[in-house]
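With CSV, C-alpha atoms and all ligand atoms inside, this is my_file-v3.csv:
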chain,number,residue,atom,x,y,z
A,177,MET,CA,151.5,26.1,111.0
A,178,GLN,CA,150.4,24.5,114.4
A,179,GLN,CA,149.5,26.6,117.4
A,180,ILE,CA,152.3,27.8,119.6
A,181,THR,CA,150.8,26.0,122.6
A,182,ASP,CA,151.4,22.6,120.8
A,183,LEU,CA,155.1,23.4,121.1
A,184,PHE,CA,155.1,23.7,125.0
A,185,PRO,CA,155.6,19.9,125.7
A,186,LEU,CA,158.7,19.9,123.5
A,187,LEU,CA,160.3,22.4,125.9
A,188,ASN,CA,160.1,20.0,128.8
A,189,VAL,CA,163.3,18.4,127.7
A,190,PRO,CA,166.5,20.4,127.2
A,191,LYS,CA,167.0,21.3,123.5
A,192,THR,CA,169.6,23.0,121.3
A,193,VAL,CA,167.9,26.2,120.2
A,194,VAL,CA,168.7,29.0,117.9
A,195,ILE,CA,166.8,32.4,118.0
A,196,VAL,CA,167.0,34.6,114.9
A,197,MET,CA,165.8,38.1,114.5
A,198,HIS,CA,165.5,40.3,111.4
A,199,GLN,CA,168.4,42.1,109.7
A,200,LYS,CA,169.4,45.4,111.3
A,201,PRO,CA,167.4,44.5,114.4
A,202,ASP,CA,165.5,47.2,116.3
A,203,ALA,CA,164.8,47.2,120.0
A,204,ASP,CA,161.8,44.9,119.6
A,205,ALA,CA,163.7,42.3,117.6
A,206,MET,CA,166.7,42.5,120.0
A,207,GLY,CA,164.6,42.8,123.2
A,208,SER,CA,162.2,39.9,122.3
A,209,SER,CA,165.1,37.6,121.2
A,210,LEU,CA,167.1,38.2,124.4
A,211,GLY,CA,164.0,38.0,126.6
A,212,LEU,CA,163.3,34.6,125.1
A,213,TYR,CA,167.0,33.7,125.4
A,214,HIS,CA,167.0,34.4,129.1
A,215,VAL,CA,163.9,32.3,129.8
A,216,LEU,CA,164.9,29.3,127.6
A,217,THR,CA,168.4,29.4,129.2
A,218,ALA,CA,166.8,29.4,132.7
A,219,LEU,CA,164.8,26.3,131.6
A,220,GLY,CA,168.0,24.4,130.8
A,221,HIS,CA,168.1,24.8,127.0
A,222,SER,CA,171.3,25.5,125.1
A,223,VAL,CA,170.5,28.7,123.2
A,224,THR,CA,172.4,30.7,120.5
A,225,VAL,CA,171.0,34.1,119.4
A,226,ILE,CA,171.9,35.2,115.9
A,227,SER,CA,171.4,38.5,114.1
A,228,PRO,CA,171.7,38.4,110.2
A,229,THR,CA,173.6,41.7,110.4
A,230,ASN,CA,175.1,44.2,112.9
A,231,TRP,CA,173.0,46.4,115.1
A,232,ALA,CA,173.0,49.9,116.6
A,233,ASP,CA,175.4,50.7,119.4
A,234,TRP,CA,172.5,52.0,121.5
A,235,LEU,CA,171.2,48.4,121.7
A,236,LYS,CA,174.4,47.0,123.2
A,237,TRP,CA,173.5,47.7,126.8
A,238,ILE,CA,170.7,45.1,126.7
A,239,LYS,CA,171.7,42.1,128.9
A,240,GLY,CA,172.9,39.3,126.6
A,241,ALA,CA,173.5,41.5,123.6
A,242,ASP,CA,177.3,40.8,123.9
A,243,LYS,CA,176.5,37.1,123.2
A,244,VAL,CA,174.5,37.7,120.0
A,245,VAL,CA,176.3,36.3,117.0
A,246,ASP,CA,176.5,38.7,114.0
A,247,TYR,CA,176.0,36.4,110.9
A,248,GLU,CA,178.0,38.7,108.7
A,249,LEU,CA,181.0,38.8,111.1
A,250,ASN,CA,180.9,35.3,112.4
A,251,GLY,CA,179.2,33.1,109.8
A,252,ALA,CA,181.0,29.9,110.7
A,253,LYS,CA,179.9,30.0,114.3
A,254,ALA,CA,176.3,30.9,113.3
A,255,ASN,CA,176.2,28.2,110.6
A,256,ASP,CA,177.5,25.7,113.1
A,257,ALA,CA,174.7,26.6,115.6
A,258,LEU,CA,172.1,26.4,112.9
A,259,ALA,CA,173.3,23.0,111.8
A,260,LYS,CA,173.1,21.7,115.4
A,261,ALA,CA,169.8,23.3,116.2
A,262,GLU,CA,166.7,21.3,117.0
A,263,LEU,CA,164.5,24.3,117.3
A,264,ILE,CA,164.8,27.6,115.4
A,265,PHE,CA,162.7,30.5,116.7
A,266,CYS,CA,162.2,33.4,114.2
A,267,LEU,CA,161.3,36.5,116.0
A,268,ASP,CA,159.9,39.9,114.8
A,269,PHE,CA,159.9,38.9,111.1
A,270,ASN,CA,157.7,36.6,109.1
A,271,THR,CA,159.3,36.1,105.7
A,272,LEU,CA,162.7,34.4,105.5
A,273,SER,CA,164.0,37.1,103.1
A,274,ARG,CA,164.1,39.5,106.1
A,275,ALA,CA,167.0,37.3,107.5
A,276,ARG,CA,169.1,38.2,104.4
A,277,LYS,CA,171.9,35.7,103.9
A,278,MET,CA,170.6,33.5,106.7
A,279,ALA,CA,167.4,32.8,104.7
A,280,GLU,CA,168.9,30.0,102.8
A,281,PRO,CA,170.5,28.1,105.8
A,282,ILE,CA,167.3,28.5,107.8
A,283,ALA,CA,165.2,27.1,104.9
A,284,ARG,CA,167.6,24.2,104.5
A,285,SER,CA,167.8,23.3,108.2
A,286,SER,CA,166.1,20.2,109.4
A,287,ALA,CA,165.3,21.9,112.7
A,288,ILE,CA,161.7,22.7,113.7
A,289,ARG,CA,161.0,26.3,112.8
A,290,ILE,CA,158.8,28.4,115.1
A,291,LEU,CA,157.4,31.9,114.2
A,292,ILE,CA,156.6,34.5,116.8
A,293,ASP,CA,155.7,37.8,115.0
A,294,HIS,CA,153.2,40.6,114.6
A,295,HIS,CA,153.8,41.7,111.0
A,296,GLN,CA,151.3,41.3,108.1
A,297,GLN,CA,151.2,38.4,105.6
A,298,PRO,CA,153.4,35.7,107.2
A,299,GLN,CA,155.1,33.0,105.2
A,300,GLU,CA,153.2,30.3,107.3
A,301,GLU,CA,154.3,27.4,105.2
A,302,MET,CA,157.9,27.8,106.4
A,303,PHE,CA,157.0,27.2,110.0
A,304,THR,CA,155.8,24.1,112.0
A,305,TYR,CA,154.6,26.0,115.0
A,306,GLY,CA,153.9,29.6,115.5
A,307,ILE,CA,151.9,32.6,116.3
A,308,SER,CA,151.3,35.5,114.0
A,309,ASP,CA,149.1,38.3,115.5
A,310,THR,CA,149.0,41.7,113.8
A,311,SER,CA,146.9,43.0,116.7
A,312,LYS,CA,149.9,42.7,119.1
A,313,SER,CA,151.9,45.8,119.9
A,314,SER,CA,155.3,44.1,119.6
A,315,THR,CA,157.0,40.8,119.5
A,316,SER,CA,158.2,41.5,123.0
A,317,GLU,CA,154.5,41.5,124.2
A,318,MET,CA,154.1,38.1,122.4
A,319,ILE,CA,157.2,36.7,124.2
A,320,PHE,CA,155.7,37.9,127.5
A,321,ASP,CA,152.4,36.0,126.6
A,322,PHE,CA,154.5,33.0,125.6
A,323,ILE,CA,156.3,33.0,128.9
A,324,ILE,CA,153.1,33.3,130.9
A,325,ALA,CA,151.1,30.7,128.8
A,326,SER,CA,153.9,28.2,129.1
A,327,GLY,CA,153.8,28.5,132.9
A,328,ASN,CA,157.1,30.3,133.3
A,329,GLY,CA,155.9,33.6,134.7
A,330,ASP,CA,158.1,33.0,137.8
A,331,LYS,CA,161.2,33.2,135.5
A,332,ILE,CA,160.6,36.8,134.7
A,333,HIS,CA,163.4,38.6,136.4
A,334,LEU,CA,164.9,42.1,136.1
A,335,ALA,CA,166.9,41.5,132.9
A,336,ILE,CA,164.0,39.9,131.1
A,337,ALA,CA,161.8,42.8,132.2
A,338,GLU,CA,164.3,45.3,130.7
A,339,CYS,CA,164.5,43.3,127.4
A,340,LEU,CA,160.7,43.1,126.9
A,341,TYR,CA,160.1,46.7,128.1
A,342,ALA,CA,162.7,48.0,125.6
A,343,GLY,CA,160.8,46.2,122.8
A,344,VAL,CA,157.2,47.1,123.7
A,345,MET,CA,158.0,50.7,124.6
A,346,THR,CA,159.8,51.4,121.3
A,347,ASP,CA,157.3,49.5,119.1
A,348,THR,CA,154.4,51.4,120.6
A,349,GLY,CA,156.1,54.8,120.1
A,350,SER,CA,156.4,55.1,124.0
A,351,PHE,CA,152.8,53.7,124.5
A,352,ARG,CA,151.3,56.1,122.0
A,353,PHE,CA,150.1,54.0,119.1
A,354,SER,CA,146.6,52.4,119.0
A,355,SER,CA,148.3,49.0,119.5
A,356,THR,CA,148.9,50.0,123.1
A,357,THR,CA,146.0,48.0,124.7
A,358,ALA,CA,145.1,47.5,128.3
A,359,SER,CA,147.0,44.2,128.2
A,360,VAL,CA,150.2,46.1,127.2
A,361,HIS,CA,149.8,48.3,130.3
A,362,ARG,CA,149.1,45.2,132.5
A,363,MET,CA,152.2,43.6,131.1
A,364,VAL,CA,154.3,46.7,132.0
A,365,ALA,CA,152.8,46.6,135.5
A,366,CYS,CA,153.9,43.0,135.8
A,367,LEU,CA,157.4,43.8,134.5
A,368,LYS,CA,157.7,46.8,137.0
A,369,ASP,CA,157.0,44.3,139.8
A,370,THR,CA,160.5,42.8,139.1
A,371,GLY,CA,161.9,46.2,140.3
A,372,PHE,CA,163.5,47.2,137.0
A,373,ASP,CA,164.2,50.9,136.3
A,374,HIS,CA,162.1,52.0,133.3
A,375,ALA,CA,163.7,55.5,133.2
A,376,ARG,CA,167.1,53.9,132.7
A,377,VAL,CA,165.7,52.0,129.6
A,378,HIS,CA,164.4,55.3,128.1
A,379,GLU,CA,167.8,57.0,128.7
A,380,LYS,CA,169.7,54.1,127.2
A,381,LEU,CA,167.6,54.1,124.1
A,382,PHE,CA,166.9,57.8,123.6
A,383,ASP,CA,169.7,59.8,125.3
A,384,ASN,CA,172.6,57.6,124.1
A,385,PHE,CA,173.6,59.0,120.7
A,386,LEU,CA,176.6,61.0,119.5
A,387,GLU,CA,176.6,64.6,118.4
A,388,ASN,CA,176.9,63.7,114.7
A,389,ARG,CA,173.5,62.0,114.8
A,390,LEU,CA,171.7,65.1,116.0
A,391,ARG,CA,173.5,67.3,113.5
A,392,PHE,CA,172.6,64.8,110.7
A,393,THR,CA,168.9,65.0,111.8
A,394,GLY,CA,169.0,68.8,111.6
A,395,HIS,CA,170.6,68.6,108.1
A,396,ALA,CA,168.1,66.1,106.8
A,397,LEU,CA,165.1,68.1,108.0
A,398,LEU,CA,166.5,71.4,106.7
A,399,ASN,CA,167.9,70.3,103.4
A,400,CYS,CA,166.5,66.9,102.4
A,401,MET,CA,162.8,67.1,103.2
A,402,GLU,CA,160.1,67.8,100.6
A,403,ILE,CA,156.5,68.4,101.6
A,404,PHE,CA,153.6,67.6,99.2
A,405,TYR,CA,150.7,69.4,100.9
A,406,GLU,CA,148.3,68.4,98.1
A,407,TYR,CA,148.8,64.7,99.0
A,408,ASN,CA,149.3,65.3,102.8
A,409,SER,CA,152.7,63.6,102.3
A,410,ALA,CA,156.4,64.1,102.8
A,411,LEU,CA,159.7,62.7,101.6
A,412,ILE,CA,163.1,62.7,103.1
A,413,CYS,CA,165.8,61.6,100.6
A,414,ILE,CA,169.4,61.0,101.9
A,415,PRO,CA,172.3,60.5,99.5
A,416,TRP,CA,175.2,58.2,100.4
A,417,LYS,CA,177.6,61.2,100.6
A,418,ASP,CA,175.6,62.6,103.5
A,419,LEU,CA,175.9,59.3,105.5
A,420,VAL,CA,179.7,59.5,104.9
A,421,LYS,CA,179.9,63.2,105.8
A,422,PHE,CA,178.1,62.8,109.1
A,423,GLN,CA,179.7,59.4,109.9
A,424,ILE,CA,176.2,57.8,110.1
A,425,ARG,CA,176.2,54.3,111.5
A,426,THR,CA,173.6,51.5,111.8
A,427,GLY,CA,170.6,52.8,113.7
A,428,ASP,CA,171.4,56.5,113.4
A,429,SER,CA,168.6,57.2,111.0
A,430,GLU,CA,166.0,55.4,113.0
A,431,GLY,CA,163.1,57.7,113.9
A,432,LEU,CA,163.9,60.3,111.2
A,433,VAL,CA,160.9,59.2,109.1
A,434,ASN,CA,158.6,60.1,112.0
A,435,TYR,CA,159.4,63.9,112.0
A,436,PRO,CA,157.3,64.9,109.0
A,437,LEU,CA,154.2,63.4,110.7
A,438,THR,CA,154.5,66.2,113.3
A,439,ILE,CA,153.5,68.7,110.6
A,440,GLN,CA,149.8,69.6,110.7
A,441,GLY,CA,147.9,67.6,108.0
A,442,ILE,CA,150.8,65.3,107.0
A,443,LYS,CA,149.6,61.7,107.1
A,444,PHE,CA,152.2,59.8,105.0
A,445,SER,CA,155.9,60.1,105.4
A,446,ALA,CA,158.7,58.3,103.5
A,447,LEU,CA,162.5,58.1,104.1
A,448,ILE,CA,164.6,56.9,101.2
A,449,ILE,CA,168.3,56.4,102.0
A,450,ASP,CA,171.1,55.5,99.7
A,451,ARG,CA,173.1,53.0,101.9
A,452,ASP,CA,175.5,52.3,99.0
A,453,GLU,CA,174.8,48.5,99.3
A,454,GLU,CA,171.1,49.2,98.6
A,455,ILE,CA,168.5,51.9,98.7
A,456,LYS,CA,166.5,51.5,101.9
A,457,CYS,CA,163.0,52.9,102.4
A,458,SER,CA,160.9,53.5,105.5
A,459,PHE,CA,157.2,54.5,105.4
A,460,ARG,CA,155.0,55.7,108.2
A,461,SER,CA,151.4,56.9,108.1
A,462,LYS,CA,148.7,58.2,110.4
A,463,GLY,CA,145.1,57.0,110.1
A,464,GLY,CA,143.8,55.1,107.0
A,465,PHE,CA,146.7,55.0,104.6
A,466,ASP,CA,148.0,51.4,104.5
A,467,VAL,CA,151.8,51.6,104.1
A,468,ASN,CA,152.2,47.8,104.3
A,469,SER,CA,150.3,47.4,101.0
A,470,TYR,CA,152.1,50.5,99.6
A,471,ALA,CA,155.5,49.1,100.4
A,472,ARG,CA,154.7,45.8,98.9
A,473,GLN,CA,153.3,47.4,95.7
A,474,TYR,CA,156.1,50.0,95.1
A,475,PHE,CA,159.2,49.1,97.1
A,476,GLU,CA,159.6,45.3,97.5
A,477,GLY,CA,158.7,45.6,101.2
A,478,GLY,CA,156.0,45.3,103.8
A,479,GLY,CA,155.5,45.5,107.6
A,480,HIS,CA,152.5,47.0,109.4
A,481,PHE,CA,149.5,49.1,108.4
A,482,ASN,CA,151.1,52.3,109.7
A,483,ALA,CA,154.8,51.4,109.6
A,484,ALA,CA,156.6,49.5,106.9
A,485,GLY,CA,159.9,49.3,105.0
A,486,GLY,CA,161.2,48.3,101.7
A,487,ARG,CA,164.1,48.8,99.2
A,488,SER,CA,164.8,49.8,95.6
A,489,SER,CA,167.4,48.7,93.1
A,490,ASP,CA,167.1,52.0,91.2
A,491,THR,CA,169.3,55.0,91.8
A,492,LEU,CA,168.2,57.3,94.7
A,493,GLU,CA,166.8,59.9,92.3
A,494,LYS,CA,164.8,57.3,90.4
A,495,ALA,CA,163.4,55.9,93.7
A,496,ALA,CA,162.5,59.4,94.7
A,497,GLN,CA,160.8,59.9,91.3
A,498,LYS,CA,158.9,56.7,91.8
A,499,PHE,CA,157.7,57.9,95.2
A,500,ARG,CA,156.6,61.3,93.8
A,501,ALA,CA,154.7,59.6,90.9
A,502,SER,CA,153.1,57.1,93.4
A,503,LEU,CA,151.5,60.0,95.3
A,504,LYS,CA,149.4,60.9,92.2
A,505,GLU,CA,148.3,57.3,91.9
A,506,ASN,CA,147.3,57.2,95.5
A,507,ALA,CA,145.8,60.7,95.6
A,508,LEU,CA,142.3,59.5,96.7
A,509,GLN,CA,143.6,57.4,99.6
A,510,LEU,CA,145.8,60.3,100.7
A,511,GLN,CA,143.0,62.8,101.0
B,601,LIG,P1,161.7,50.4,109.4
B,601,LIG,O1,161.2,51.5,108.5
B,601,LIG,O2,161.9,50.8,110.8
B,601,LIG,O3,162.9,49.7,108.8
B,601,LIG,O4,160.6,49.3,109.4
B,601,LIG,C1,159.3,49.5,109.7
B,601,LIG,C2,158.5,48.2,109.9
B,601,LIG,O5,158.4,47.5,108.7
B,601,LIG,C3,159.2,47.3,110.9
B,601,LIG,O6,158.3,46.6,111.6
B,601,LIG,C4,160.0,46.4,110.0
B,601,LIG,O7,160.2,45.1,110.6
B,601,LIG,C5,159.2,46.3,108.8
B,601,LIG,N1,160.0,46.2,107.5
B,601,LIG,C6,161.0,47.0,107.2
B,601,LIG,N2,161.5,46.7,106.0
B,601,LIG,C7,160.8,45.6,105.6
B,601,LIG,C8,160.8,44.8,104.4
B,601,LIG,O8,161.7,45.0,103.5
B,601,LIG,N3,159.9,43.8,104.3
B,601,LIG,C9,159.0,43.6,105.3
B,601,LIG,N4,158.1,42.6,105.1
B,601,LIG,N5,158.9,44.3,106.4
B,601,LIG,C10,159.8,45.3,106.6
B,602,MN,MN,158.3,44.5,116.2
Before anything else, please render the file you have as structure tokens.
Amino acid sequence: MQQITDLFPLLNVPKTVVIVMHQKPDADAMGSSLGLYHVLTALGHSVTVISPTNWADWLKWIKGADKVVDYELNGAKANDALAKAELIFCLDFNTLSRARKMAEPIARSSAIRILIDHHQQPQEEMFTYGISDTSKSSTSEMIFDFIIASGNGDKIHLAIAECLYAGVMTDTGSFRFSSTTASVHRMVACLKDTGFDHARVHEKLFDNFLENRLRFTGHALLNCMEIFYEYNSALICIPWKDLVKFQIRTGDSEGLVNYPLTIQGIKFSALIIDRDEEIKCSFRSKGGFDVNSYARQYFEGGGHFNAAGGRSSDTLEKAAQKFRASLKENALQLQ
């Protein structure tokens, strides 16, 4: 994989570009993709943004989200864009499997593939140019760096500021995680100079749910959470019937896995959800327990040191049993 700066000369001539984010995109995937979309469009490129799956309603306010193609809904349009693309940017994921059904057409494409991502263990051989930096708070911060380094800082206007702020603010847990460097704050200062309203972004992202989501959260914490004090760990396990009962939609369970970490002493939290189509897992830790390695070892996943995800092809109960048994195996690291 060549350095991302080697790509800059190619951007001097208008190109046909596709930007892809990971399945079930979060605010960083959507914000970084749309931030890059606005800049490349301003530079005269023809850009299509594709998501492998649908996304949460509370991301739909981001400028340009209405133009994002849902691969599951509109595969023909997406495949056409992929076939015509000269450049494919892959943002906020680093293994093609995270693009689900798009993995194959992306791998088959003759376009130049570019990686911009901050997760661990990238599939570097799949990309011609790129930057993979696990020290970065968010892919949105990396897009900001990309815009500045390519000499396009003057293109950062209000809509781009909103996109990138949404990504960096959510991926840093509202500027709380240790990934929140001085550079992150300098970036936010620069974004604020465009005049964008950061309070509006917080409201759109955190005060924009329906009643059922809050009632579901209450139910999950009251009835579905187990605490394992001897391992400083917690598990929330959600059956499919609860998702149906509370009319849970994409994005509604985001953040739930963080609640157990608010209990004194709890350092490792897992959320296992039966989504019917698959069992989806989320892992979060505080301090020295590496959930990226954990997710790779036990649940076909990966991510960051303190935040990772995965899946299981077992039943919900078997996946939960596997989690409980894994605590014993990791007892030393969980002390
Ligand atoms: P979440 O629990 O919010 O789905 O994901 C937490 C972090 O891990 C995110 O940065 C996400 O991109 C990453 N992640 C989630 N699921 C997977 C997975 O199956 N494989 C890999 N490599 N990363 C994942
Ligand atoms: Mn991210």
Residues near Asp182 (chain A), anyone? I mean within 12 Å using only C-alpha atoms, not counting same-chain ones fewer than 3 positions away, as number ranges by chain. A: 177-179, 185-187, 290, 304-307, 322, 325-326
Original post:
Got a sec: who's within 10 Å of Thr346 (chain A), counting only C-alpha atoms, leaving out chain neighbours fewer than 6 positions off, as a list in words?
Top reply: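 Skipping anything fewer than 6 positions along the chain leaves Asp202, Ala203, Asp204, Ser313, Ser314, Arg352, His378, Leu381 and Phe382 of chain A.
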*Minimum-distance residue to ligand MN 602 (chain B), chosen among A:Gln199, A:Asn250, A:Thr192, A:Thr348 (using only C-alpha atoms and all ligand atoms)*: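 Closest candidate: A:Thr348.
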* To do: Residues up to 7 Å from ligand LIG 601 (chain B), counting only C-alpha atoms and all ligand atoms: could you list those as a PyMOL selection string?
  => chain A and resi 268-269+271+274+295+430+457-459+476-480+483-487
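The interatomic distance for the pair CA of Arg500 (chain A) and CA of Val467 (chain A) works out to 14.9 Å.
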Could you give me, as JSON lines, a per-residue list for chain A showing, wherever an atom lies at most 12 Å from an atom of ligand MN 602 (chain B), the closest pair of atoms and their distance in Å to one decimal, using only C-alpha atoms and all ligand atoms and sorting by chain then residue number from low to high?
{"residue": "A:Met197", "atom": "CA", "partner": "B:MN602", "partner_atom": "MN", "distance": 10.0}
{"residue": "A:His198", "atom": "CA", "partner": "B:MN602", "partner_atom": "MN", "distance": 9.6}
{"residue": "A:Pro201", "atom": "CA", "partner": "B:MN602", "partner_atom": "MN", "distance": 9.3}
{"residue": "A:Asp202", "atom": "CA", "partner": "B:MN602", "partner_atom": "MN", "distance": 7.7}
{"residue": "A:Ala203", "atom": "CA", "partner": "B:MN602", "partner_atom": "MN", "distance": 8.0}
{"residue": "A:Asp204", "atom": "CA", "partner": "B:MN602", "partner_atom": "MN", "distance": 4.9}
{"residue": "A:Ala205", "atom": "CA", "partner": "B:MN602", "partner_atom": "MN", "distance": 6.0}
{"residue": "A:Met206", "atom": "CA", "partner": "B:MN602", "partner_atom": "MN", "distance": 9.4}
{"residue": "A:Gly207", "atom": "CA", "partner": "B:MN602", "partner_atom": "MN", "distance": 9.6}
{"residue": "A:Ser208", "atom": "CA", "partner": "B:MN602", "partner_atom": "MN", "distance": 8.6}
{"residue": "A:Ser209", "atom": "CA", "partner": "B:MN602", "partner_atom": "MN", "distance": 10.9}
{"residue": "A:Cys266", "atom": "CA", "partner": "B:MN602", "partner_atom": "MN", "distance": 11.9}
{"residue": "A:Leu267", "atom": "CA", "partner": "B:MN602", "partner_atom": "MN", "distance": 8.5}
{"residue": "A:Asp268", "atom": "CA", "partner": "B:MN602", "partner_atom": "MN", "distance": 5.1}
{"residue": "A:Phe269", "atom": "CA", "partner": "B:MN602", "partner_atom": "MN", "distance": 7.7}
{"residue": "A:Asn270", "atom": "CA", "partner": "B:MN602", "partner_atom": "MN", "distance": 10.6}
{"residue": "A:Ile292", "atom": "CA", "partner": "B:MN602", "partner_atom": "MN", "distance": 10.2}
{"residue": "A:Asp293", "atom": "CA", "partner": "B:MN602", "partner_atom": "MN", "distance": 7.3}
{"residue": "A:His294", "atom": "CA", "partner": "B:MN602", "partner_atom": "MN", "distance": 6.6}
{"residue": "A:His295", "atom": "CA", "partner": "B:MN602", "partner_atom": "MN", "distance": 7.4}
{"residue": "A:Gln296", "atom": "CA", "partner": "B:MN602", "partner_atom": "MN", "distance": 11.2}
{"residue": "A:Ser308", "atom": "CA", "partner": "B:MN602", "partner_atom": "MN", "distance": 11.6}
{"residue": "A:Asp309", "atom": "CA", "partner": "B:MN602", "partner_atom": "MN", "distance": 11.1}
{"residue": "A:Thr310", "atom": "CA", "partner": "B:MN602", "partner_atom": "MN", "distance": 10.0}
{"residue": "A:Ser311", "atom": "CA", "partner": "B:MN602", "partner_atom": "MN", "distance": 11.5}
{"residue": "A:Lys312", "atom": "CA", "partner": "B:MN602", "partner_atom": "MN", "distance": 9.1}
{"residue": "A:Ser313", "atom": "CA", "partner": "B:MN602", "partner_atom": "MN", "distance": 7.5}
{"residue": "A:Ser314", "atom": "CA", "partner": "B:MN602", "partner_atom": "MN", "distance": 4.6}
{"residue": "A:Thr315", "atom": "CA", "partner": "B:MN602", "partner_atom": "MN", "distance": 5.1}
{"residue": "A:Ser316", "atom": "CA", "partner": "B:MN602", "partner_atom": "MN", "distance": 7.4}
{"residue": "A:Glu317", "atom": "CA", "partner": "B:MN602", "partner_atom": "MN", "distance": 9.4}
{"residue": "A:Met318", "atom": "CA", "partner": "B:MN602", "partner_atom": "MN", "distance": 9.9}
{"residue": "A:Ile319", "atom": "CA", "partner": "B:MN602", "partner_atom": "MN", "distance": 11.2}
{"residue": "A:Leu340", "atom": "CA", "partner": "B:MN602", "partner_atom": "MN", "distance": 11.1}
{"residue": "A:Ala342", "atom": "CA", "partner": "B:MN602", "partner_atom": "MN", "distance": 11.0}
{"residue": "A:Gly343", "atom": "CA", "partner": "B:MN602", "partner_atom": "MN", "distance": 7.3}
{"residue": "A:Val344", "atom": "CA", "partner": "B:MN602", "partner_atom": "MN", "distance": 8.0}
{"residue": "A:Met345", "atom": "CA", "partner": "B:MN602", "partner_atom": "MN", "distance": 10.4}
{"residue": "A:Thr346", "atom": "CA", "partner": "B:MN602", "partner_atom": "MN", "distance": 8.7}
{"residue": "A:Asp347", "atom": "CA", "partner": "B:MN602", "partner_atom": "MN", "distance": 5.9}
{"residue": "A:Thr348", "atom": "CA", "partner": "B:MN602", "partner_atom": "MN", "distance": 9.1}
{"residue": "A:Gly349", "atom": "CA", "partner": "B:MN602", "partner_atom": "MN", "distance": 11.2}
{"residue": "A:Ser355", "atom": "CA", "partner": "B:MN602", "partner_atom": "MN", "distance": 11.5}
{"residue": "A:Gly479", "atom": "CA", "partner": "B:MN602", "partner_atom": "MN", "distance": 9.1}
{"residue": "A:His480", "atom": "CA", "partner": "B:MN602", "partner_atom": "MN", "distance": 9.3}
{"residue": "A:Ala483", "atom": "CA", "partner": "B:MN602", "partner_atom": "MN", "distance": 10.2}
{"residue": "A:Ala484", "atom": "CA", "partner": "B:MN602", "partner_atom": "MN", "distance": 10.7}
Using only C-alpha atoms, which residues sit within 10 Å of Leu216 (chain A) once same-chain residues fewer than 3 positions away are excluded, as a list in words?
Leu187, Pro190, Lys191, Val193, Leu210, Gly211, Leu212, Tyr213, Leu219, Gly220, His221, Ser222, Val223, Ile323, Asn328 and Lys331 of chain A
For the selection you just gave me, I'd like the residues written to a file as a short mmCIF file (atom, residue, chain, number, x, y, z; two decimals), in the coordinates of the input, keeping C-alpha atoms.
data_model
loop_
_atom_site.label_atom_id
_atom_site.label_comp_id
_atom_site.auth_asym_id
_atom_site.auth_seq_id
_atom_site.Cartn_x
_atom_site.Cartn_y
_atom_site.Cartn_z
CA LEU A 187 160.30 22.40 125.90
CA PRO A 190 166.50 20.40 127.20
CA LYS A 191 167.00 21.30 123.50
CA VAL A 193 167.90 26.20 120.20
CA LEU A 210 167.10 38.20 124.40
CA GLY A 211 164.00 38.00 126.60
CA LEU A 212 163.30 34.60 125.10
CA TYR A 213 167.00 33.70 125.40
CA LEU A 219 164.80 26.30 131.60
CA GLY A 220 168.00 24.40 130.80
CA HIS A 221 168.10 24.80 127.00
CA SER A 222 171.30 25.50 125.10
CA VAL A 223 170.50 28.70 123.20
CA ILE A 323 156.30 33.00 128.90
CA ASN A 328 157.10 30.30 133.30
CA LYS A 331 161.20 33.20 135.50
#
Long-range neighbours of Ile412 (chain A) as a tab-separated table (two decimals) with C-alpha atoms, in the coordinates of the input, 6 Å cut-off, all atoms listed in the file, 5 positions minimum in chain:
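And here's out.tsv as it stands now:
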chain	number	residue	atom	x	y	z
A	400	CYS	CA	166.50	66.90	102.40
A	401	MET	CA	162.80	67.10	103.20
A	447	LEU	CA	162.50	58.10	104.10
Distance in Å - CA of Ile455 (chain A) versus CA of Ala241 (chain A):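 Interatomic distance here is 27.4 Å.
Proximity of A:Ser273, A:Ser429, A:Ser350, A:Asn506 to Asp450 (chain A), computed with all atoms listed in the file, is greatest for A:Ser429.
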Select, counting only C-alpha atoms, all protein, DNA and RNA residues no farther than 8 Å from (176.3, 39.3, 115.2) in file coordinates, and express the selection as a ChimeraX atom specification. /A:226-231,244-250
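The set of protein, DNA and RNA residues with any counted atom at most 10 Å from (166.0, 67.5, 106.6) (all atoms listed in the file) reads A:Phe392, A:Thr393, A:Gly394, A:His395, A:Ala396, A:Leu397, A:Leu398, A:Asn399, A:Cys400, A:Met401, A:Glu402, A:Leu411, A:Ile412, A:Cys413, A:Ile414, A:Leu432, A:Tyr435, A:Pro436.
Shortest atom-to-atom contact with Phe475 (chain A) among A:Ile336, A:Ile448, A:Leu386, A:Glu493: A:Ile448, counting all atoms listed in the file.
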| message | If we count all atoms listed in the file and set the cut-off at 10 Å, which residues sit around His374 (chain A), ignoring sequence neighbours fewer than 4 positions away in its own chain? Please answer as a list in words. | response |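 Close residues of His374 (chain A): Ala337, Glu338, Tyr341, Ala342, Met345, Val364, Leu367, Lys368, His378, Glu379 and Lys380 of chain A.
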